[in-house]
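Peer 1: Data: my_file10.cif, mmCIF, C-alpha atoms.
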```cif
data_upload
#
loop_
_atom_site.label_atom_id
_atom_site.label_comp_id
_atom_site.auth_asym_id
_atom_site.auth_seq_id
_atom_site.Cartn_x
_atom_site.Cartn_y
_atom_site.Cartn_z
CA GLN A 1 3.53 -9.91 -20.25
CA VAL A 2 4.63 -12.41 -22.86
CA PHE A 3 2.01 -14.54 -24.53
CA ALA A 4 2.70 -17.64 -26.61
CA SER A 5 0.82 -17.96 -29.87
CA GLY A 6 1.06 -20.00 -33.04
CA ASP A 7 3.86 -22.56 -32.92
CA ALA A 8 5.49 -20.83 -29.91
CA ARG A 9 3.59 -23.21 -27.63
CA ARG A 10 5.62 -26.06 -29.15
CA TYR A 11 8.89 -24.58 -27.83
CA GLY A 12 7.93 -23.82 -24.26
CA GLN A 13 5.29 -24.64 -21.70
CA VAL A 14 4.75 -21.07 -20.51
CA LEU A 15 1.53 -19.50 -21.76
CA SER A 16 1.96 -16.23 -19.86
CA THR A 17 4.82 -14.88 -17.76
CA THR A 18 4.77 -11.59 -15.90
CA LEU A 19 8.18 -9.95 -15.77
CA GLY A 20 9.18 -7.88 -12.76
CA GLN A 21 10.61 -5.15 -15.00
CA PRO A 22 9.98 -3.83 -18.53
CA LEU A 23 11.30 -6.03 -21.35
CA GLN A 24 14.77 -4.93 -22.47
CA ALA A 25 15.52 -7.53 -25.14
CA LEU A 26 14.29 -10.70 -26.80
CA VAL A 27 17.27 -12.85 -27.84
CA PRO A 28 16.76 -15.97 -29.98
CA THR A 29 18.97 -19.04 -29.70
CA THR A 30 21.22 -19.73 -32.69
CA ASP A 31 19.01 -22.61 -33.82
CA GLY A 32 15.83 -20.56 -33.47
CA LEU A 33 14.17 -23.14 -31.20
CA GLY A 34 14.19 -20.98 -28.08
CA TYR A 35 14.77 -17.50 -26.77
CA TRP A 36 15.65 -15.47 -23.73
CA LEU A 37 13.64 -12.53 -22.42
CA VAL A 38 15.85 -9.95 -20.74
CA ALA A 39 14.19 -7.57 -18.27
CA HIS A 40 15.40 -4.03 -17.59
CA ASP A 41 16.87 -5.11 -14.24
CA GLY A 42 19.01 -7.77 -15.96
CA ASP A 43 16.87 -10.79 -15.08
CA VAL A 44 16.92 -13.38 -17.89
CA TYR A 45 14.05 -15.80 -18.55
CA ALA A 46 14.72 -18.80 -20.82
CA PHE A 47 12.12 -20.52 -23.01
CA GLY A 48 12.33 -23.49 -25.38
CA ASP A 49 15.79 -24.94 -25.88
CA ALA A 50 17.30 -21.82 -24.28
CA THR A 51 16.53 -23.42 -20.90
CA ALA A 52 19.43 -25.84 -21.48
CA ALA A 53 21.91 -23.24 -22.72
CA ALA A 54 23.98 -20.51 -21.08
CA PRO A 55 22.24 -17.13 -21.20
CA PRO A 56 23.44 -14.67 -23.82
CA VAL A 57 26.04 -12.07 -22.99
CA LEU A 58 24.26 -8.74 -23.29
CA ALA A 59 25.10 -5.15 -22.64
CA PHE A 60 22.53 -2.50 -21.97
CA VAL A 61 22.52 1.03 -20.71
CA HIS A 62 20.96 1.69 -17.35
CA GLN A 63 20.35 4.83 -15.39
CA ASP A 64 21.77 5.08 -11.88
CA LEU A 65 18.74 5.41 -9.64
CA THR A 66 20.13 4.41 -6.26
CA THR A 67 23.29 4.60 -4.19
CA GLY A 68 23.61 0.84 -4.78
CA ASP A 69 23.68 1.46 -8.56
CA ARG A 70 26.52 3.94 -8.10
CA ALA A 71 28.46 1.59 -5.79
CA LEU A 72 28.03 -1.15 -8.38
CA ASP A 73 29.33 1.16 -11.13
CA TRP A 74 32.47 1.74 -9.07
CA ALA A 75 32.95 -2.01 -8.53
CA MET A 76 32.46 -2.74 -12.23
CA ALA A 77 35.14 -0.17 -13.09
CA GLN A 78 37.60 -2.43 -11.21
CA LEU A 79 37.06 -5.44 -13.52
CA GLY A 80 40.34 -7.09 -14.47
CA LYS A 81 42.31 -5.88 -11.45
CA PRO A 82 44.12 -8.68 -9.61
CA TYR A 83 43.11 -10.31 -6.36
CA ARG A 84 45.45 -9.58 -3.47
CA TRP A 85 44.85 -10.72 0.12
CA GLY A 86 44.19 -7.57 2.16
CA GLY A 87 43.93 -5.48 -1.02
CA ALA A 88 41.67 -2.43 -0.93
CA GLY A 89 42.83 -0.78 -4.16
CA PRO A 90 43.61 1.02 -6.16
CA GLY A 91 45.55 -1.67 -8.05
CA ALA A 92 44.37 -4.90 -6.38
CA PHE A 93 41.52 -6.10 -4.16
CA ASP A 94 40.40 -8.93 -1.97
CA CYS A 95 36.68 -9.66 -1.72
CA SER A 96 35.81 -7.41 1.20
CA GLY A 97 38.23 -4.70 0.08
CA LEU A 98 36.33 -4.43 -3.22
CA THR A 99 32.92 -4.17 -1.54
CA MET A 100 34.14 -1.78 1.15
CA MET A 101 35.78 0.59 -1.33
CA SER A 102 32.80 0.44 -3.72
CA TRP A 103 30.49 1.67 -0.98
CA TRP A 104 33.07 4.12 0.38
CA ALA A 105 33.27 5.67 -3.11
CA VAL A 106 29.61 6.69 -2.80
CA GLY A 107 29.89 7.94 0.76
CA VAL A 108 28.73 4.87 2.68
CA GLY A 109 31.16 3.40 5.19
CA ILE A 110 31.07 -0.34 5.85
CA PRO A 111 33.49 -2.54 7.83
CA ARG A 112 36.59 -4.08 6.28
CA VAL A 113 35.95 -7.81 6.91
CA ALA A 114 33.23 -9.83 5.13
CA ALA A 115 31.66 -11.23 8.33
CA ASP A 116 31.56 -7.74 9.83
CA GLN A 117 29.95 -6.38 6.65
CA PHE A 118 27.20 -8.97 7.05
CA GLN A 119 26.66 -8.10 10.71
CA SER A 120 26.61 -4.31 10.28
CA ASP A 121 24.09 -3.85 7.47
CA PRO A 122 20.34 -4.54 7.24
CA HIS A 123 19.59 -8.02 5.88
CA VAL A 124 17.47 -8.85 2.84
CA PRO A 125 16.47 -12.26 1.46
CA LEU A 126 18.20 -13.35 -1.75
CA SER A 127 14.83 -13.17 -3.52
CA ARG A 128 14.79 -9.37 -3.02
CA LEU A 129 18.34 -8.44 -4.06
CA LEU A 130 19.02 -5.02 -5.55
CA ALA A 131 22.10 -3.74 -7.37
CA GLY A 132 24.90 -3.16 -4.88
CA ASP A 133 23.61 -5.53 -2.19
CA LEU A 134 26.24 -7.78 -0.67
CA VAL A 135 25.99 -11.58 -0.88
CA PHE A 136 28.01 -13.92 1.32
CA TRP A 137 29.42 -17.44 1.54
CA ALA A 138 30.19 -19.32 4.76
CA THR A 139 31.49 -22.72 5.84
CA LYS A 140 28.26 -23.01 7.88
CA PRO A 141 25.74 -20.73 6.10
CA ALA A 142 23.50 -20.49 9.18
CA GLU A 143 26.38 -19.12 11.29
CA ALA A 144 27.53 -15.59 10.43
CA SER A 145 30.83 -16.12 12.22
CA THR A 146 31.88 -18.59 9.49
CA ILE A 147 31.48 -16.14 6.57
CA TYR A 148 34.59 -16.21 4.40
CA HIS A 149 33.58 -14.46 1.14
CA VAL A 150 31.52 -11.47 -0.03
CA ALA A 151 30.50 -10.24 -3.47
CA MET A 152 28.25 -7.48 -4.84
CA TYR A 153 24.98 -8.21 -6.63
CA VAL A 154 24.86 -6.92 -10.22
CA GLY A 155 21.38 -8.04 -11.28
CA GLY A 156 20.05 -10.86 -13.40
CA GLY A 157 21.51 -13.48 -11.07
CA ARG A 158 25.08 -12.15 -11.45
CA ILE A 159 27.68 -10.84 -9.01
CA VAL A 160 30.95 -8.94 -9.23
CA GLN A 161 33.73 -10.19 -6.98
CA ALA A 162 37.43 -10.44 -6.25
CA PRO A 163 37.39 -14.25 -6.07
CA TYR A 164 40.76 -15.63 -4.85
CA PRO A 165 44.55 -15.50 -5.43
CA GLY A 166 45.55 -15.84 -9.07
CA GLN A 167 42.23 -14.42 -10.29
CA VAL A 168 40.99 -10.93 -11.16
CA VAL A 169 37.91 -8.88 -10.29
CA SER A 170 35.22 -10.42 -12.48
CA THR A 171 31.52 -11.18 -12.81
CA THR A 172 29.91 -14.59 -12.48
CA TRP A 173 26.61 -16.23 -11.57
CA ILE A 174 25.48 -16.17 -7.96
CA GLY A 175 25.34 -19.53 -6.21
CA GLY A 176 27.49 -22.37 -5.04
CA THR A 177 28.15 -24.24 -1.84
CA GLY A 178 27.95 -22.12 1.28
CA LEU A 179 25.78 -19.31 -0.11
CA VAL A 180 24.19 -17.51 2.85
CA ALA A 181 20.38 -17.12 2.61
CA GLN A 182 20.46 -13.46 3.63
CA ALA A 183 22.28 -10.59 1.92
CA ALA A 184 23.22 -7.19 3.32
CA ALA A 185 21.98 -3.85 2.04
CA PRO A 186 24.52 -1.12 2.87
CA GLY A 187 23.06 2.36 3.01
CA ALA A 188 19.51 1.06 3.48
#
```
Would you put the structure from the file into structure tokens?
Peer 2:
Amino acid sequence: QVFASGDARRYGQVLSTTLGQPLQALVPTTDGLGYWLVAHDGDVYAFGDATAAAPPVLAFVHQDLTTGDRALDWAMAQLGKPYRWGGAGPGAFDCSGLTMMSWWAVGVGIPRVAADQFQSDPHVPLSRLLAGDLVFWATKPAEASTIYHVAMYVGGGRIVQAPYPGQVVSTTWIGGTGLVAQAAAPGA
């Protein structure tokens, strides 16, 4: 737990926050009026003026504990490779090609198309995402048949994806219009 004391109460309203994972880092803002707590699973909690700023870019070492961790490692090794419609590697990927090959690399077969990936794997709510889980976007989020994009959950509210033509495999924050409320957990 994190407890505010002294003048810390002036910079945030939280007196006690229980983190879901052990504390990995405490990162102050450049002006010293706020800070981010970074949990072992990558979750970032902002306090003080950090709530209005972009979270810090951090790197930390983690141990692969699950098949999802290993699938994520494979996907992250593809960062910077270009998007190509229908691409399933090794030099270029589309969204579902990246997720399919990431899971294939660890011995788990999933379908080629994003909507089929959603339909074939057990579903989990976004509040319970684990590394390697697949998140989806749809024109009508309540209708699986309208799914048009898939990405892989990294942790800490981030995803890795092959976004669209002209872009490269990259990480970004999860969210946006059309985010489906359920994710898929291959290999579960």
Peer 1: Dump as a ChimeraX atom specification all residues having an atom at most 10 Å from (16.9, -11.4, -1.3), computed in the file's coordinates with all atoms listed in the file.
Peer 2: /A:123-130,133,135,181-185
Peer 1: Residues of the last selection are to be written out with C-alpha atoms, as a compact mmCIF listing (two decimals), in the frame of the given file.
Peer 2:
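Okay, this is what ended up in part-v1.txt:
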```txt
# COMPACT_ATOMS: atom_id res chain seq x y z
CA HIS A 123 19.59 -8.02 5.88
CA VAL A 124 17.47 -8.85 2.84
CA PRO A 125 16.47 -12.26 1.46
CA LEU A 126 18.20 -13.35 -1.75
CA SER A 127 14.83 -13.17 -3.52
CA ARG A 128 14.79 -9.37 -3.02
CA LEU A 129 18.34 -8.44 -4.06
CA LEU A 130 19.02 -5.02 -5.55
CA ASP A 133 23.61 -5.53 -2.19
CA VAL A 135 25.99 -11.58 -0.88
CA ALA A 181 20.38 -17.12 2.61
CA GLN A 182 20.46 -13.46 3.63
CA ALA A 183 22.28 -10.59 1.92
CA ALA A 184 23.22 -7.19 3.32
CA ALA A 185 21.98 -3.85 2.04
```
Peer 1: To one decimal place, how far is CA of Tyr83 in chain A from CA of Ala138 in chain A in Å?
Peer 2: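 These two atoms are separated by 19.3 Å.
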Peer 1: Report as a ChimeraX atom specification the residues that result from applying the PyMOL selection byres ((chain A and resi 134) around 12) to the structure here.
Peer 2: /A:68,71-72,75,95-96,98-100,102-103,110,114-126,128-133,135-137,149-155,158-161,174,179-188
Peer 1: Please dump the current selection as a PDB file, in the coordinates of the input; keep C-alpha atoms.
Peer 2:
```pdb
ATOM      1  CA  GLY A  68      23.610   0.840  -4.780  1.00  0.00           C
ATOM      2  CA  ALA A  71      28.460   1.590  -5.790  1.00  0.00           C
ATOM      3  CA  LEU A  72      28.030  -1.150  -8.380  1.00  0.00           C
ATOM      4  CA  ALA A  75      32.950  -2.010  -8.530  1.00  0.00           C
ATOM      5  CA  CYS A  95      36.680  -9.660  -1.720  1.00  0.00           C
ATOM      6  CA  SER A  96      35.810  -7.410   1.200  1.00  0.00           C
ATOM      7  CA  LEU A  98      36.330  -4.430  -3.220  1.00  0.00           C
ATOM      8  CA  THR A  99      32.920  -4.170  -1.540  1.00  0.00           C
ATOM      9  CA  MET A 100      34.140  -1.780   1.150  1.00  0.00           C
ATOM     10  CA  SER A 102      32.800   0.440  -3.720  1.00  0.00           C
ATOM     11  CA  TRP A 103      30.490   1.670  -0.980  1.00  0.00           C
ATOM     12  CA  ILE A 110      31.070  -0.340   5.850  1.00  0.00           C
ATOM     13  CA  ALA A 114      33.230  -9.830   5.130  1.00  0.00           C
ATOM     14  CA  ALA A 115      31.660 -11.230   8.330  1.00  0.00           C
ATOM     15  CA  ASP A 116      31.560  -7.740   9.830  1.00  0.00           C
ATOM     16  CA  GLN A 117      29.950  -6.380   6.650  1.00  0.00           C
ATOM     17  CA  PHE A 118      27.200  -8.970   7.050  1.00  0.00           C
ATOM     18  CA  GLN A 119      26.660  -8.100  10.710  1.00  0.00           C
ATOM     19  CA  SER A 120      26.610  -4.310  10.280  1.00  0.00           C
ATOM     20  CA  ASP A 121      24.090  -3.850   7.470  1.00  0.00           C
ATOM     21  CA  PRO A 122      20.340  -4.540   7.240  1.00  0.00           C
ATOM     22  CA  HIS A 123      19.590  -8.020   5.880  1.00  0.00           C
ATOM     23  CA  VAL A 124      17.470  -8.850   2.840  1.00  0.00           C
ATOM     24  CA  PRO A 125      16.470 -12.260   1.460  1.00  0.00           C
ATOM     25  CA  LEU A 126      18.200 -13.350  -1.750  1.00  0.00           C
ATOM     26  CA  ARG A 128      14.790  -9.370  -3.020  1.00  0.00           C
ATOM     27  CA  LEU A 129      18.340  -8.440  -4.060  1.00  0.00           C
ATOM     28  CA  LEU A 130      19.020  -5.020  -5.550  1.00  0.00           C
ATOM     29  CA  ALA A 131      22.100  -3.740  -7.370  1.00  0.00           C
ATOM     30  CA  GLY A 132      24.900  -3.160  -4.880  1.00  0.00           C
ATOM     31  CA  ASP A 133      23.610  -5.530  -2.190  1.00  0.00           C
ATOM     32  CA  VAL A 135      25.990 -11.580  -0.880  1.00  0.00           C
ATOM     33  CA  PHE A 136      28.010 -13.920   1.320  1.00  0.00           C
ATOM     34  CA  TRP A 137      29.420 -17.440   1.540  1.00  0.00           C
ATOM     35  CA  HIS A 149      33.580 -14.460   1.140  1.00  0.00           C
ATOM     36  CA  VAL A 150      31.520 -11.470  -0.030  1.00  0.00           C
ATOM     37  CA  ALA A 151      30.500 -10.240  -3.470  1.00  0.00           C
ATOM     38  CA  MET A 152      28.250  -7.480  -4.840  1.00  0.00           C
ATOM     39  CA  TYR A 153      24.980  -8.210  -6.630  1.00  0.00           C
ATOM     40  CA  VAL A 154      24.860  -6.920 -10.220  1.00  0.00           C
ATOM     41  CA  GLY A 155      21.380  -8.040 -11.280  1.00  0.00           C
ATOM     42  CA  ARG A 158      25.080 -12.150 -11.450  1.00  0.00           C
ATOM     43  CA  ILE A 159      27.680 -10.840  -9.010  1.00  0.00           C
ATOM     44  CA  VAL A 160      30.950  -8.940  -9.230  1.00  0.00           C
ATOM     45  CA  GLN A 161      33.730 -10.190  -6.980  1.00  0.00           C
ATOM     46  CA  ILE A 174      25.480 -16.170  -7.960  1.00  0.00           C
ATOM     47  CA  LEU A 179      25.780 -19.310  -0.110  1.00  0.00           C
ATOM     48  CA  VAL A 180      24.190 -17.510   2.850  1.00  0.00           C
ATOM     49  CA  ALA A 181      20.380 -17.120   2.610  1.00  0.00           C
ATOM     50  CA  GLN A 182      20.460 -13.460   3.630  1.00  0.00           C
ATOM     51  CA  ALA A 183      22.280 -10.590   1.920  1.00  0.00           C
ATOM     52  CA  ALA A 184      23.220  -7.190   3.320  1.00  0.00           C
ATOM     53  CA  ALA A 185      21.980  -3.850   2.040  1.00  0.00           C
ATOM     54  CA  PRO A 186      24.520  -1.120   2.870  1.00  0.00           C
ATOM     55  CA  GLY A 187      23.060   2.360   3.010  1.00  0.00           C
ATOM     56  CA  ALA A 188      19.510   1.060   3.480  1.00  0.00           C
TER      57      ALA A 188
END
```
Peer 1: Going by the chain IDs and residue numbers used in this file, which residues fall under the PyMOL selection byres ((chain A and resi 167) around 12)? Write them as a PyMOL selection string.
Peer 2: chain A and resi 79-85+92-95+161-166+168-171
Peer 1: Using only C-alpha atoms, determine which residues lie at most 7 Å from Gly34 in chain A, disregarding the query and same-chain residues fewer than 2 positions distant; provide the list as number ranges by chain.
Peer 2: A: 11, 28-29, 32, 47-50
Peer 1: Between CA of Glu143 in chain A and CA of Gly175 in chain A, what is the distance in Å, rounded to a tenth?
Peer 2: 17.5 Å
Peer 1: Please indicate the distance in Å from CA of Val108 in chain A to CA of Thr67 in chain A, rounded to one decimal place.
Peer 2: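 Computing it gives 8.8 Å between the two atoms.
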Peer 1: Can you give me all heavy atoms for range 166-177 of chain A, written as a PDB file, keeping the file's coordinate frame?
Peer 2:
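Output file selection-v9.pdb follows:
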```
ATOM      1  N   GLY A 166      45.348 -15.384  -7.695  1.00  0.00           N
ATOM      2  CA  GLY A 166      45.550 -15.840  -9.070  1.00  0.00           C
ATOM      3  C   GLY A 166      44.438 -15.422 -10.011  1.00  0.00           C
ATOM      4  O   GLY A 166      44.536 -15.631 -11.212  1.00  0.00           O
ATOM      5  N   GLN A 167      43.364 -14.850  -9.481  1.00  0.00           N
ATOM      6  CA  GLN A 167      42.230 -14.420 -10.290  1.00  0.00           C
ATOM      7  C   GLN A 167      42.146 -12.899 -10.299  1.00  0.00           C
ATOM      8  O   GLN A 167      42.900 -12.224  -9.600  1.00  0.00           O
ATOM      9  CB  GLN A 167      40.929 -15.014  -9.752  1.00  0.00           C
ATOM     10  CG  GLN A 167      40.877 -16.520  -9.843  1.00  0.00           C
ATOM     11  CD  GLN A 167      40.913 -17.010 -11.274  1.00  0.00           C
ATOM     12  OE1 GLN A 167      40.134 -16.583 -12.107  1.00  0.00           O
ATOM     13  NE2 GLN A 167      41.841 -17.911 -11.570  1.00  0.00           N
ATOM     14  N   VAL A 168      41.207 -12.377 -11.069  1.00  0.00           N
ATOM     15  CA  VAL A 168      40.990 -10.930 -11.160  1.00  0.00           C
ATOM     16  C   VAL A 168      39.556 -10.602 -10.801  1.00  0.00           C
ATOM     17  O   VAL A 168      38.693 -11.482 -10.788  1.00  0.00           O
ATOM     18  CB  VAL A 168      41.316 -10.405 -12.581  1.00  0.00           C
ATOM     19  CG1 VAL A 168      42.787 -10.641 -12.932  1.00  0.00           C
ATOM     20  CG2 VAL A 168      40.396 -11.041 -13.626  1.00  0.00           C
ATOM     21  N   VAL A 169      39.284  -9.336 -10.526  1.00  0.00           N
ATOM     22  CA  VAL A 169      37.910  -8.880 -10.290  1.00  0.00           C
ATOM     23  C   VAL A 169      37.106  -9.225 -11.535  1.00  0.00           C
ATOM     24  O   VAL A 169      37.505  -8.881 -12.660  1.00  0.00           O
ATOM     25  CB  VAL A 169      37.865  -7.373  -9.978  1.00  0.00           C
ATOM     26  CG1 VAL A 169      36.421  -6.901  -9.861  1.00  0.00           C
ATOM     27  CG2 VAL A 169      38.650  -7.053  -8.712  1.00  0.00           C
ATOM     28  N   SER A 170      35.996  -9.922 -11.344  1.00  0.00           N
ATOM     29  CA  SER A 170      35.220 -10.420 -12.480  1.00  0.00           C
ATOM     30  C   SER A 170      33.761 -10.600 -12.079  1.00  0.00           C
ATOM     31  O   SER A 170      33.404 -10.511 -10.905  1.00  0.00           O
ATOM     32  CB  SER A 170      35.796 -11.754 -12.957  1.00  0.00           C
ATOM     33  OG  SER A 170      35.804 -12.685 -11.894  1.00  0.00           O
ATOM     34  N   THR A 171      32.928 -10.882 -13.068  1.00  0.00           N
ATOM     35  CA  THR A 171      31.520 -11.180 -12.810  1.00  0.00           C
ATOM     36  C   THR A 171      31.287 -12.672 -13.036  1.00  0.00           C
ATOM     37  O   THR A 171      31.990 -13.321 -13.804  1.00  0.00           O
ATOM     38  CB  THR A 171      30.575 -10.374 -13.720  1.00  0.00           C
ATOM     39  OG1 THR A 171      30.816 -10.734 -15.080  1.00  0.00           O
ATOM     40  CG2 THR A 171      30.778  -8.887 -13.518  1.00  0.00           C
ATOM     41  N   THR A 172      30.297 -13.193 -12.338  1.00  0.00           N
ATOM     42  CA  THR A 172      29.910 -14.590 -12.480  1.00  0.00           C
ATOM     43  C   THR A 172      28.478 -14.732 -11.979  1.00  0.00           C
ATOM     44  O   THR A 172      27.880 -13.774 -11.495  1.00  0.00           O
ATOM     45  CB  THR A 172      30.870 -15.521 -11.720  1.00  0.00           C
ATOM     46  OG1 THR A 172      30.583 -16.879 -12.086  1.00  0.00           O
ATOM     47  CG2 THR A 172      30.742 -15.354 -10.211  1.00  0.00           C
ATOM     48  N   TRP A 173      27.954 -15.941 -12.075  1.00  0.00           N
ATOM     49  CA  TRP A 173      26.610 -16.230 -11.570  1.00  0.00           C
ATOM     50  C   TRP A 173      26.647 -16.415 -10.074  1.00  0.00           C
ATOM     51  O   TRP A 173      27.601 -16.973  -9.530  1.00  0.00           O
ATOM     52  CB  TRP A 173      26.037 -17.481 -12.245  1.00  0.00           C
ATOM     53  CG  TRP A 173      25.847 -17.296 -13.697  1.00  0.00           C
ATOM     54  CD1 TRP A 173      26.652 -17.760 -14.699  1.00  0.00           C
ATOM     55  CD2 TRP A 173      24.818 -16.554 -14.321  1.00  0.00           C
ATOM     56  NE1 TRP A 173      26.177 -17.346 -15.907  1.00  0.00           N
ATOM     57  CE2 TRP A 173      25.047 -16.599 -15.714  1.00  0.00           C
ATOM     58  CE3 TRP A 173      23.721 -15.846 -13.847  1.00  0.00           C
ATOM     59  CZ2 TRP A 173      24.210 -15.974 -16.629  1.00  0.00           C
ATOM     60  CZ3 TRP A 173      22.891 -15.225 -14.772  1.00  0.00           C
ATOM     61  CH2 TRP A 173      23.144 -15.297 -16.133  1.00  0.00           C
ATOM     62  N   ILE A 174      25.607 -15.976  -9.399  1.00  0.00           N
ATOM     63  CA  ILE A 174      25.480 -16.170  -7.960  1.00  0.00           C
ATOM     64  C   ILE A 174      25.160 -17.639  -7.688  1.00  0.00           C
ATOM     65  O   ILE A 174      24.475 -18.276  -8.481  1.00  0.00           O
ATOM     66  CB  ILE A 174      24.393 -15.243  -7.372  1.00  0.00           C
ATOM     67  CG1 ILE A 174      24.450 -15.224  -5.858  1.00  0.00           C
ATOM     68  CG2 ILE A 174      23.025 -15.620  -7.862  1.00  0.00           C
ATOM     69  CD1 ILE A 174      23.533 -14.199  -5.235  1.00  0.00           C
ATOM     70  N   GLY A 175      25.667 -18.165  -6.592  1.00  0.00           N
ATOM     71  CA  GLY A 175      25.340 -19.530  -6.210  1.00  0.00           C
ATOM     72  C   GLY A 175      26.537 -20.249  -5.644  1.00  0.00           C
ATOM     73  O   GLY A 175      27.560 -19.642  -5.345  1.00  0.00           O
ATOM     74  N   GLY A 176      26.405 -21.543  -5.517  1.00  0.00           N
ATOM     75  CA  GLY A 176      27.490 -22.370  -5.040  1.00  0.00           C
ATOM     76  C   GLY A 176      27.321 -22.792  -3.595  1.00  0.00           C
ATOM     77  O   GLY A 176      26.463 -22.277  -2.855  1.00  0.00           O
ATOM     78  N   THR A 177      28.160 -23.708  -3.191  1.00  0.00           N
ATOM     79  CA  THR A 177      28.150 -24.240  -1.840  1.00  0.00           C
ATOM     80  C   THR A 177      28.467 -23.144  -0.836  1.00  0.00           C
ATOM     81  O   THR A 177      29.400 -22.366  -1.040  1.00  0.00           O
ATOM     82  CB  THR A 177      29.180 -25.374  -1.712  1.00  0.00           C
ATOM     83  OG1 THR A 177      28.880 -26.361  -2.692  1.00  0.00           O
ATOM     84  CG2 THR A 177      29.154 -25.982  -0.319  1.00  0.00           C
TER      85      THR A 177
END
```
